[in-house]
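Beneath this line is the structure, given in structure tokens, with notes to follow.
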Amino acid sequence: MIHKLPIYVSGEIVRGFGRGSKELGIPTANFSLDVVKSLPESLQTGVYYGWAKVNDSEVYKMVLSVGWNPFYNNKEKSLETHIMHKFDCDLYGRTLKICIVGYLRPEQNFKSLDDLIKAIKSDIEKATTLLDTAENQKLQHAPFFSTKH
């Protein structure tokens, strides 16, 4: 069962595994393990889409991986957010607020890094289309993004 969405999450951006930008060419902003553990247990692992804001930035489209990333055999569950915007600085220590809007697909393993990159690019395309709907665009302006905490 999928947890009822949307879900709002906020926390500090921490160093991840360093794979997003370097290996995949798809940078991610990562939450601490405390934030990951605060997610509802009913939120199943997989790939989601939604909105993201860093400090006082605009609210941008994002895709999000929740899980163990089987391709990399992670030992801890992670929450990795790819914000669809190029930031010209590193984001460590800044506050990331996300609104998880919808579910794209379950977590899966891949035969190669190339297959993983293709899947992520497909996820980004699907998320972009889904976030362009009027209903999902309303969430881009949710009060959560304008409050200071």
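Labeling convention for the structure tokens: chains A, B, ... as they appear, residues from 1 per chain, ligands from 1 in order of appearance.
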Check your understanding: Which residues come within 10 Å of Thr95 (chain A), counting only C-alpha atoms, excluding same-chain residues fewer than 3 positions away, as a PyMOL selection string?
Key -> chain A and resi 10-14+31+53-56+91-92+98+149
Considering only alpha helix (DSSP H) as DSSP defines it on the backbone, what residues of region 10-79 of chain A qualify? List them as a PyMOL selection string. chain A and resi 33-37
Item to complete: Report the distance between CA of Arg15 (chain A) and CA of His82 (chain A) in Å, rounded to one decimal place.
Response: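 Going from CA of Arg15 (chain A) over to CA of His82 (chain A) covers 13.7 Å.
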**Request:** Considering only C-alpha atoms, state which residue in the set A:Ile83, A:Val9, A:Trp68, A:Gly50 is at the smallest distance from Glu135 (chain A).
**Result:**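 Answer, going by the shortest atom-to-atom distance: A:Gly50.
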